[in-house]
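Structure file structure_31.cif; described as mmCIF, C-alpha atoms.
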```cif
data_target
loop_
_atom_site.label_atom_id
_atom_site.label_comp_id
_atom_site.auth_asym_id
_atom_site.auth_seq_id
_atom_site.Cartn_x
_atom_site.Cartn_y
_atom_site.Cartn_z
CA MET A 95 8.84 29.42 -12.80
CA ALA A 96 8.59 28.28 -9.16
CA ARG A 97 11.73 26.79 -7.56
CA TRP A 98 11.42 24.14 -4.83
CA ASP A 99 13.69 21.95 -2.76
CA VAL A 100 11.51 18.90 -3.39
CA ALA A 101 8.78 18.31 -5.98
CA ILE A 102 6.57 15.25 -5.61
CA VAL A 103 4.53 13.77 -8.43
CA GLY A 104 1.55 11.91 -6.97
CA ALA A 105 -0.36 12.58 -3.74
CA GLY A 106 -1.16 9.05 -2.57
CA PRO A 107 0.22 7.64 0.71
CA GLY A 108 3.81 7.47 -0.61
CA GLY A 109 3.75 11.00 -1.93
CA CYS A 110 2.15 12.40 1.22
CA ALA A 111 4.61 10.58 3.48
CA ALA A 112 7.49 12.05 1.49
CA ALA A 113 5.95 15.53 1.46
CA ILE A 114 5.25 15.66 5.18
CA THR A 115 8.67 14.24 6.10
CA ALA A 116 10.53 16.72 3.88
CA ALA A 117 8.43 19.69 4.98
CA ARG A 118 9.00 18.93 8.65
CA ALA A 119 12.74 18.99 7.96
CA GLY A 120 12.49 22.53 6.58
CA GLN A 121 12.38 21.72 2.88
CA ARG A 122 10.20 23.76 0.53
CA VAL A 123 7.89 21.13 -0.94
CA VAL A 124 5.32 21.07 -3.73
CA MET A 125 3.16 18.00 -4.40
CA VAL A 126 1.15 17.68 -7.62
CA ASP A 127 -1.50 15.13 -8.56
CA LYS A 128 -3.58 14.75 -11.70
CA ALA A 129 -6.67 13.95 -9.61
CA ARG A 130 -8.76 16.10 -7.31
CA PHE A 131 -9.35 14.85 -3.79
CA PRO A 132 -11.28 13.06 -2.52
CA ARG A 133 -10.84 10.45 -5.22
CA ASP A 134 -11.21 6.68 -5.17
CA LYS A 135 -8.23 4.37 -5.59
CA PHE A 136 -8.52 0.70 -6.43
CA CYS A 137 -7.27 -1.06 -3.30
CA GLY A 138 -8.13 -3.66 -0.70
CA ASP A 139 -8.17 -0.85 1.91
CA GLY A 140 -6.38 -2.90 4.58
CA LEU A 141 -3.89 -1.19 6.91
CA THR A 142 -1.14 -3.17 8.63
CA ALA A 143 0.57 -2.42 11.93
CA ASP A 144 3.56 -0.91 10.13
CA ALA A 145 1.27 1.30 8.03
CA LEU A 146 -0.62 2.43 11.13
CA ARG A 147 2.55 3.37 12.99
CA ARG A 148 3.69 5.43 10.02
CA LEU A 149 0.30 7.10 9.72
CA GLU A 150 0.47 7.97 13.40
CA GLY A 151 3.95 9.40 12.89
CA LEU A 152 2.62 11.58 10.07
CA GLY A 153 0.03 13.01 12.44
CA LEU A 154 -3.04 11.33 10.98
CA ASP A 155 -6.08 11.28 13.25
CA PRO A 156 -8.25 8.20 12.54
CA ALA A 157 -11.29 10.31 13.46
CA ALA A 158 -10.63 12.31 10.28
CA VAL A 159 -11.20 9.18 8.15
CA ALA A 160 -14.95 8.60 7.86
CA SER A 161 -14.81 4.91 6.92
CA TRP A 162 -12.16 3.97 9.51
CA GLN A 163 -12.80 0.50 10.96
CA PRO A 164 -10.48 -0.91 13.67
CA VAL A 165 -9.61 -4.61 13.44
CA ASP A 166 -8.84 -6.68 16.55
CA GLN A 167 -8.78 -10.13 14.97
CA PHE A 168 -9.16 -11.90 11.67
CA HIS A 169 -10.54 -15.20 10.44
CA LEU A 170 -8.52 -17.38 8.11
CA ARG A 171 -9.84 -20.30 6.06
CA SER A 172 -7.42 -22.92 4.71
CA PRO A 173 -7.75 -24.64 1.31
CA ARG A 174 -9.37 -27.61 3.09
CA GLY A 175 -11.98 -25.44 4.77
CA ARG A 176 -10.51 -25.19 8.26
CA GLU A 177 -11.37 -21.82 9.82
CA VAL A 178 -9.21 -20.32 12.57
CA VAL A 179 -9.48 -17.03 14.49
CA TYR A 180 -6.27 -15.06 14.95
CA ARG A 181 -6.38 -12.34 17.60
CA LEU A 182 -4.16 -9.30 17.61
CA PRO A 183 -2.83 -7.95 20.94
CA ALA A 184 -5.35 -6.01 23.00
CA GLY A 185 -4.76 -2.92 25.09
CA THR A 186 -1.39 -1.97 23.57
CA GLY A 187 -2.47 0.07 20.57
CA ARG A 188 -3.84 -0.59 17.12
CA TYR A 189 -2.36 -3.31 14.90
CA ALA A 190 -4.80 -3.38 11.98
CA ALA A 191 -7.59 -1.30 10.48
CA VAL A 192 -9.55 -0.84 7.26
CA ALA A 193 -10.33 2.49 5.58
CA ARG A 194 -11.49 3.44 2.11
CA ARG A 195 -8.75 5.05 0.08
CA LEU A 196 -11.28 7.71 -0.88
CA ASP A 197 -11.19 8.87 2.74
CA LEU A 198 -7.65 7.94 3.76
CA ASP A 199 -5.87 9.67 0.90
CA ALA A 200 -7.93 12.83 1.27
CA ALA A 201 -7.05 12.96 4.97
CA LEU A 202 -3.35 12.56 4.17
CA VAL A 203 -3.48 15.36 1.61
CA SER A 204 -5.04 17.58 4.28
CA ARG A 205 -2.23 16.62 6.66
CA ALA A 206 0.36 17.56 4.04
CA ARG A 207 -1.23 20.98 3.61
CA ALA A 208 -1.25 21.45 7.38
CA GLU A 209 2.52 20.80 7.39
CA GLY A 210 3.11 23.58 4.88
CA VAL A 211 3.26 21.53 1.68
CA GLU A 212 2.00 23.29 -1.45
CA VAL A 213 -0.53 20.83 -2.88
CA ILE A 214 -1.70 21.28 -6.46
CA GLU A 215 -4.58 19.12 -7.71
CA GLY A 216 -5.90 18.51 -11.19
CA ALA A 217 -2.57 18.90 -13.00
CA ARG A 218 -1.16 16.17 -15.24
CA LEU A 219 2.58 15.75 -15.74
CA THR A 220 3.57 16.40 -19.35
CA GLY A 221 7.31 17.01 -19.24
CA ALA A 222 10.41 16.16 -17.18
CA HIS A 223 13.78 17.70 -18.01
CA PRO A 224 16.72 16.89 -15.73
CA SER A 225 19.87 19.02 -15.74
CA ALA A 226 23.03 19.21 -13.70
CA ASP A 227 21.49 21.08 -10.77
CA GLN A 228 17.71 20.51 -10.96
CA VAL A 229 14.77 18.84 -12.64
CA ALA A 230 12.21 20.94 -14.52
CA LEU A 231 8.66 19.56 -14.58
CA SER A 232 5.73 20.67 -16.74
CA PHE A 233 2.09 20.09 -15.85
CA ARG A 234 -1.11 20.67 -17.77
CA GLY A 235 -4.22 21.76 -15.87
CA ASP A 236 -7.47 19.85 -16.23
CA ARG A 237 -9.47 21.95 -18.67
CA ARG A 238 -12.57 19.82 -18.14
CA ALA A 239 -12.58 20.69 -14.44
CA GLY A 240 -12.17 24.38 -15.18
CA SER A 241 -8.49 24.49 -14.19
CA GLY A 242 -6.96 25.51 -17.47
CA SER A 243 -3.67 26.98 -16.31
CA ASP A 244 -0.45 25.10 -16.94
CA LEU A 245 2.33 24.83 -14.39
CA GLU A 246 6.13 24.82 -14.54
CA VAL A 247 8.14 23.59 -11.55
CA GLU A 248 11.87 23.45 -10.91
CA ALA A 249 13.21 21.38 -8.02
CA ALA A 250 16.55 20.24 -6.68
CA HIS A 251 15.06 16.80 -6.08
CA VAL A 252 11.97 15.01 -7.37
CA ILE A 253 10.08 12.06 -5.89
CA GLY A 254 8.02 9.92 -8.24
CA ALA A 255 4.96 8.64 -6.38
CA ASP A 256 2.82 8.36 -9.48
CA GLY A 257 1.98 4.68 -9.55
CA MET A 258 2.89 1.49 -11.34
CA TRP A 259 2.80 3.03 -14.82
CA SER A 260 4.61 6.14 -13.65
CA PRO A 261 4.35 8.93 -16.26
CA LEU A 262 7.50 10.37 -14.71
CA ARG A 263 9.40 7.18 -15.53
CA LYS A 264 8.21 7.29 -19.12
CA LEU A 265 9.16 10.93 -19.58
CA LEU A 266 12.64 10.23 -18.20
CA GLY A 267 13.06 7.25 -20.51
CA VAL A 268 13.51 4.71 -17.69
CA ASP A 269 10.18 2.91 -18.00
CA ARG A 270 10.15 -0.88 -18.23
CA GLY A 271 8.06 -1.39 -21.34
CA GLY A 272 5.29 -3.95 -21.23
CA TYR A 273 5.42 -4.40 -17.44
CA ARG A 274 2.09 -5.74 -16.11
CA GLY A 275 2.82 -6.47 -12.47
CA GLU A 276 3.11 -9.70 -10.48
CA TRP A 277 -0.41 -9.73 -9.02
CA HIS A 278 -3.86 -8.80 -10.22
CA ALA A 279 -6.64 -7.84 -7.81
CA PHE A 280 -10.41 -7.62 -8.10
CA ARG A 281 -12.56 -5.58 -5.72
CA GLN A 282 -16.19 -4.66 -5.11
CA TYR A 283 -17.80 -2.68 -2.29
CA TRP A 284 -20.88 -4.28 -0.70
CA ARG A 285 -23.57 -2.78 1.51
CA ASN A 286 -26.25 -4.20 3.81
CA VAL A 287 -23.70 -6.74 5.01
CA THR A 288 -25.37 -8.59 7.88
CA GLY A 289 -23.24 -11.73 8.12
CA PRO A 290 -19.94 -12.11 10.01
CA ALA A 291 -18.20 -9.93 7.41
CA ALA A 292 -20.08 -6.90 8.74
CA ASP A 293 -17.52 -6.47 11.51
CA GLN A 294 -14.97 -9.25 10.97
CA LEU A 295 -12.00 -9.48 8.63
CA TRP A 296 -11.88 -12.71 6.61
CA ILE A 297 -9.18 -14.23 4.42
CA SER A 298 -9.89 -17.44 2.53
CA PHE A 299 -7.27 -19.42 0.64
CA GLU A 300 -9.53 -20.87 -2.04
CA PRO A 301 -7.76 -23.83 -3.74
CA ASP A 302 -8.36 -22.47 -7.25
CA LEU A 303 -6.89 -19.05 -6.40
CA LEU A 304 -3.61 -20.08 -4.76
CA PRO A 305 -1.23 -18.53 -4.00
CA GLY A 306 -3.87 -15.82 -4.18
CA TYR A 307 -6.78 -15.50 -1.81
CA PHE A 308 -10.29 -14.14 -1.26
CA TRP A 309 -10.81 -11.32 1.22
CA SER A 310 -13.61 -9.51 2.98
CA PHE A 311 -12.54 -6.42 4.90
CA PRO A 312 -15.16 -4.66 7.11
CA LEU A 313 -15.86 -0.96 6.77
CA ALA A 314 -18.10 1.37 8.74
CA GLY A 315 -21.88 1.31 8.33
CA GLY A 316 -22.44 -2.32 7.37
CA THR A 317 -20.27 -2.13 4.27
CA ALA A 318 -17.30 -4.23 3.23
CA ASN A 319 -14.48 -4.32 0.70
CA VAL A 320 -14.80 -7.76 -0.90
CA GLY A 321 -12.43 -9.14 -3.48
CA PHE A 322 -9.68 -11.54 -4.45
CA GLY A 323 -6.16 -11.45 -5.83
CA ILE A 324 -4.13 -13.86 -7.95
CA ARG A 325 -0.52 -14.17 -9.07
CA ARG A 326 -0.05 -13.37 -12.72
CA GLY A 327 0.85 -16.47 -14.74
CA GLY A 328 -1.00 -18.87 -12.43
CA ALA A 329 -3.73 -21.37 -13.19
CA LEU A 330 -6.41 -18.65 -13.26
CA SER A 331 -5.92 -16.06 -15.98
CA THR A 332 -6.45 -12.40 -15.22
CA GLN A 333 -8.84 -12.41 -18.19
CA ASP A 334 -11.08 -14.90 -16.33
CA MET A 335 -11.41 -12.96 -13.07
CA GLY A 336 -14.64 -11.23 -14.07
CA SER A 337 -16.38 -14.48 -15.03
CA ARG A 338 -15.11 -16.21 -11.88
CA TRP A 339 -16.49 -13.49 -9.58
CA PRO A 340 -20.21 -14.56 -9.53
CA GLU A 341 -19.26 -18.19 -8.94
CA LEU A 342 -16.91 -17.21 -6.14
CA LEU A 343 -19.58 -15.11 -4.44
CA ALA A 344 -22.06 -17.98 -4.72
CA ARG A 345 -19.91 -20.37 -2.68
CA PRO A 346 -21.86 -21.14 0.52
CA HIS A 347 -19.12 -20.17 2.95
CA ILE A 348 -18.61 -16.83 1.21
CA ARG A 349 -22.30 -16.06 0.88
CA ARG A 350 -22.68 -16.83 4.59
CA LEU A 351 -20.05 -14.20 5.40
CA LEU A 352 -21.95 -11.44 3.61
CA GLY A 353 -25.46 -12.35 4.73
CA PRO A 354 -28.67 -12.76 2.71
CA GLU A 355 -29.37 -9.03 2.31
CA ALA A 356 -25.91 -7.98 1.11
CA GLU A 357 -25.76 -6.32 -2.29
CA PRO A 358 -23.14 -4.59 -4.42
CA GLU A 359 -22.70 -0.92 -3.63
CA SER A 360 -20.81 -0.20 -6.84
CA ALA A 361 -19.34 -1.89 -9.90
CA HIS A 362 -16.38 -4.21 -9.48
CA ARG A 363 -12.89 -3.03 -10.37
CA ALA A 364 -9.68 -4.86 -11.27
CA TRP A 365 -6.11 -3.60 -11.21
CA PRO A 366 -2.51 -4.88 -11.49
CA ILE A 367 -0.14 -4.92 -8.53
CA PRO A 368 3.64 -4.36 -8.91
CA ALA A 369 5.75 -6.49 -6.56
CA ALA A 370 9.20 -6.72 -8.13
CA LEU A 371 11.27 -4.38 -6.01
CA ASP A 372 14.58 -6.04 -6.79
CA ASP A 373 14.04 -5.64 -10.53
CA ARG A 374 12.92 -2.04 -10.59
CA LEU A 375 14.88 1.15 -10.79
CA LEU A 376 14.68 3.11 -7.53
CA VAL A 377 16.55 6.21 -8.67
CA ASP A 378 17.39 8.16 -11.79
CA GLY A 379 19.72 11.05 -11.06
CA ARG A 380 17.83 13.55 -8.91
CA VAL A 381 14.62 11.49 -9.06
CA LEU A 382 13.69 8.88 -6.45
CA PHE A 383 10.75 6.51 -6.99
CA VAL A 384 8.50 5.27 -4.18
CA GLY A 385 5.49 3.01 -3.62
CA ASP A 386 4.01 1.41 -6.71
CA ALA A 387 6.36 3.44 -8.90
CA ALA A 388 9.14 1.42 -7.25
CA ALA A 389 7.15 -1.86 -7.42
CA ALA A 390 7.38 -1.98 -3.62
CA THR A 391 4.23 -4.03 -2.90
CA ASP A 392 4.53 -7.12 -0.70
CA PRO A 393 4.94 -10.15 -3.02
CA MET A 394 3.00 -12.49 -0.72
CA THR A 395 -0.06 -10.46 0.26
CA GLY A 396 -0.21 -7.71 -2.36
CA GLU A 397 -0.33 -5.09 0.42
CA GLY A 398 1.21 -1.81 -0.63
CA ILE A 399 0.11 1.06 1.61
CA GLY A 400 2.71 0.38 4.30
CA GLN A 401 5.42 -0.03 1.68
CA ALA A 402 4.42 3.24 0.02
CA LEU A 403 4.53 5.07 3.35
CA SER A 404 7.93 3.54 4.17
CA THR A 405 9.59 4.26 0.83
CA GLY A 406 8.12 7.76 0.71
CA THR A 407 9.52 8.52 4.16
CA TRP A 408 12.93 7.02 3.34
CA ALA A 409 13.20 8.94 0.07
CA ALA A 410 12.50 12.25 1.83
CA GLU A 411 14.95 11.43 4.62
CA ALA A 412 17.63 10.62 2.05
CA ILE A 413 17.09 13.97 0.33
CA VAL A 414 17.20 15.84 3.62
CA ALA A 415 20.44 14.09 4.60
CA ALA A 416 22.14 14.94 1.29
CA ARG A 417 23.30 18.27 -0.09
CA SER A 418 21.27 19.75 -2.94
CA ASP A 419 24.42 19.75 -5.08
CA ALA A 420 25.11 16.06 -4.38
CA PRO A 421 22.15 14.06 -5.71
CA GLU A 422 24.27 10.92 -5.76
CA GLN A 423 24.34 11.04 -1.95
CA ALA A 424 20.54 11.04 -1.76
CA ALA A 425 20.35 8.21 -4.29
CA ALA A 426 22.90 6.06 -2.47
CA HIS A 427 21.29 6.72 0.92
CA TYR A 428 17.84 5.80 -0.38
CA GLN A 429 19.01 2.65 -2.18
CA ALA A 430 20.90 1.48 0.89
CA THR A 431 17.89 2.00 3.15
CA VAL A 432 15.52 0.14 0.86
CA GLY A 433 18.04 -2.67 0.45
CA ALA A 434 18.57 -3.01 4.19
CA HIS A 435 14.92 -2.90 5.24
CA LEU A 436 12.66 -3.95 2.38
CA ALA A 437 14.50 -5.91 -0.30
CA ILE A 438 15.30 -8.91 1.92
CA ASP A 439 11.72 -9.02 3.21
CA HIS A 440 10.45 -9.08 -0.36
CA ARG A 441 12.72 -11.96 -1.28
CA LEU A 442 11.42 -14.03 1.63
CA ALA A 443 7.80 -13.13 0.89
CA ASP A 444 8.26 -14.12 -2.74
CA ARG A 445 9.57 -17.54 -1.71
CA LEU A 446 6.69 -18.05 0.71
CA SER A 447 4.22 -17.13 -2.01
CA ALA A 448 5.60 -19.99 -4.10
CA VAL A 449 5.03 -22.38 -1.17
CA LEU A 450 1.42 -21.23 -0.79
CA ALA A 451 0.72 -22.14 -4.42
CA SER A 452 0.35 -25.79 -3.35
CA PRO A 453 -3.00 -26.51 -1.59
CA ARG A 454 -1.36 -29.21 0.52
CA LEU A 455 1.58 -27.07 1.59
CA CYS A 456 -0.66 -24.06 2.13
CA HIS A 457 -2.94 -26.07 4.44
CA THR A 458 0.08 -27.46 6.33
CA VAL A 459 1.64 -24.03 6.82
CA LEU A 460 -1.62 -22.54 8.05
CA ALA A 461 -2.25 -25.50 10.36
CA THR A 462 1.20 -24.94 11.88
CA THR A 463 0.40 -21.28 12.58
CA ALA A 464 -2.73 -22.36 14.48
CA LEU A 465 -1.08 -24.83 16.87
CA ASN A 466 -1.60 -22.74 20.03
CA ASP A 467 -2.26 -19.24 21.31
CA TRP A 468 1.40 -18.24 20.93
CA THR A 469 1.66 -19.31 17.28
CA ARG A 470 -1.68 -17.70 16.41
CA ARG A 471 -0.81 -14.42 18.10
CA ASN A 472 2.65 -14.15 16.54
CA PHE A 473 1.48 -15.25 13.10
CA ALA A 474 -1.17 -12.54 13.24
CA ARG A 475 1.44 -9.93 14.11
CA TRP A 476 3.80 -11.19 11.41
CA LEU A 477 1.12 -11.30 8.72
CA PHE A 478 0.03 -7.75 9.54
CA GLU A 479 3.63 -6.52 9.42
CA ASP A 480 3.98 -5.72 13.09
CA TYR A 481 7.61 -6.62 12.48
CA PRO A 482 9.56 -7.22 9.24
CA ARG A 483 8.95 -10.37 7.21
CA ALA A 484 12.56 -11.58 7.49
CA ILE A 485 13.20 -10.40 11.05
CA LEU A 486 14.58 -13.76 12.20
CA ALA A 487 17.08 -13.88 9.32
CA THR A 488 18.41 -10.36 9.92
CA PRO A 489 20.04 -10.09 13.37
CA ARG A 490 21.05 -6.47 12.66
CA ARG A 491 17.35 -5.58 13.05
CA TRP A 492 16.90 -7.38 16.35
CA HIS A 493 16.07 -5.34 19.43
CA ARG A 494 14.71 -6.04 22.87
CA HIS A 495 11.02 -5.63 22.10
CA MET A 496 11.05 -6.67 18.46
CA LEU A 497 8.23 -9.22 18.92
CA THR A 498 6.25 -7.43 21.61
CA GLY A 499 6.18 -3.77 20.61
CA PRO A 500 3.04 -1.65 21.00
CA GLY A 501 0.81 -0.82 18.07
CA ALA A 502 -0.15 2.63 16.85
CA TRP A 503 -2.20 5.01 19.01
CA SER A 504 -1.80 3.47 22.44
CA ASP A 505 -5.34 4.70 23.15
CA PRO A 506 -7.18 2.72 20.42
CA THR A 507 -9.64 4.70 18.33
#
```

Show the structure stored in the file as structure tokens.
Amino acid sequence: MARWDVAIVGAGPGGCAAAITAARAGQRVVMVDKARFPRDKFCGDGLTADALRRLEGLGLDPAAVASWQPVDQFHLRSPRGREVVYRLPAGTGRYAAVARRLDLDAALVSRARAEGVEVIEGARLTGAHPSADQVALSFRGDRRAGSGSDLEVEAAHVIGADGMWSPLRKLLGVDRGGYRGEWHAFRQYWRNVTGPAADQLWISFEPDLLPGYFWSFPLAGGTANVGFGIRRGGALSTQDMGSRWPELLARPHIRRLLGPEAEPESAHRAWPIPAALDDRLLVDGRVLFVGDAAAATDPMTGEGIGQALSTGTWAAEAIVAARSDAPEQAAAHYQATVGAHLAIDHRLADRLSAVLASPRLCHTVLATTALNDWTRRNFARWLFEDYPRAILATPRRWHRHMLTGPGAWSDPT
């Protein structure tokens, strides 16, 4: 049986961030995923400034991501139909981009391998057995894919990056039964996009979706990720999203975005989004949970890639800082970091989401953000997580360039 310093279950952005961070610190790391890459992942595909900076820090080259589409500005439509353009800073790096998870995740897995991480694909977790000094994990190879060998792993620390319905949680007996997430999203890829959505990012706060919204995110080659998200328990039921989709696409202002020749590239997909960080268990002994397994998604926007990258990095740093015989140190370090940097931002975002549920208040808030160039520029940076959600309420995080820092890759790609 192989013995590792760190074993990671799940090779999405959170798992890869943890793997690369730990490997760079000299840890012996294995990362296992049930899928084989490249594989699709249901997602809006948007990348915020915080996500981009973390991807840059992990050594990702945007040129390695085939569908990479830089974003310099976005268009926002209020519940009353007012459309405003918000421009991100120019000439100081990249603050937003869009990339298919099919391409992004595969590129991150390649980066992890390049950093010395042992990556094992096509192996499903079937057992987790913690003891005083390690955690033993069992995996079953995918017989259908011709990988019939099983795998046994022992590790001093384990990171669970295996999604909202984490199998690792269930095997450890710390799953929250019946959990269905706070948001539900609906996505479809479109091709032959000839309208403004071909190269522009659009967000529309449709009155019947609030506090959710419609999105159209541009991708390379005249394609776009088009979809909408809603809060669970709102006026629109998750069961009605499929029937609402054709009517939503038929709305004149949405059809205009896509253009007359646009057509679906693939079937639509729906998925739940976990955004209850304060209510979820972050640690269980020698196991730390990150990304969707920690319900770390932003409660206001449903964005989760940046949060996965952050929590994955923090979990690995906590493990590196602790002794292998003191898992409580890693757990405490990780919990403190998440509490100091993410929990307060989530609480604020959750409150703002409640405000956006009212069409009148939503329109008023958006109108306020569009008062002048300064408000538009800083709202754009705030929305795309150029700085933390609750930065003004947390003086301990203030620094000289907190509102004017450069984006990722100072030479934009």

For stretch 303-393 of chain A against stretch 447-466 of chain A, with a cut-off of 8 Å and counting only C-alpha atoms, what is the closest atom pair and its distance in Å to one decimal for every residue that makes the cut, ordered by chain and number, as a tab-separated table?
```
residue	atom	partner	partner_atom	distance
A:Leu304	CA	A:Ala451	CA	4.8
A:Pro305	CA	A:Ala451	CA	4.1
A:Gly306	CA	A:Ala451	CA	7.8
A:Pro393	CA	A:Ser447	CA	7.1
```

Please report, as JSON, the centre and edge lengths in Å to one decimal of an axis-aligned box covering all listed atoms of stretch 469-477 of chain A with 6 Å per side.
```
{"center_x": 1.1, "center_y": -14.6, "center_z": 13.4, "size_x": 17.5, "size_y": 21.4, "size_z": 21.4}
```

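Between atom CA of A:Thr395 and atom CA of A:Trp503 there is a distance of 24.4 Å.
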
Apply the PyMOL selection byres ((chain A and resi 233) around 6) to the structure shown and report the selected residues as a count of residues only. 8

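Straight-line separation from atom CA of A:Val124 to atom CA of A:Ile214: 7.5 Å.
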
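Distance-wise, atom CA of A:Pro261 and atom CA of A:Pro224 end up 14.7 Å apart.
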
For a cut-off of 12 Å around (20.5, 7.4, 0.0), file coordinates, pick out all residues using all atoms listed in the file and list them as a VMD selection string. chain A and resid 376 to 377 379 to 382 405 407 to 417 420 to 434

Pull the neighbourhood of (-19.4, -0.4, -0.5) for me: all residues within 8 Å in file coordinates, counting all atoms listed in the file, as a ChimeraX atom specification. /A:282-285,317-319,358-360

Which residues fall under the PyMOL selection byres ((chain A and resi 194) around 8) in this file, as JSON, numbers by chain? {"A": [134, 139, 161, 162, 192, 193, 195, 196, 197, 198, 313]}

Residues at most 12 Å from A:Gly108, counting only C-alpha atoms, excluding those fewer than 5 positions away in the same chain, as a PyMOL selection string? chain A and resi 102-103+113-115+125+145+148-149+152+199+202-203+206+253-257+382-388+390-391+398-410
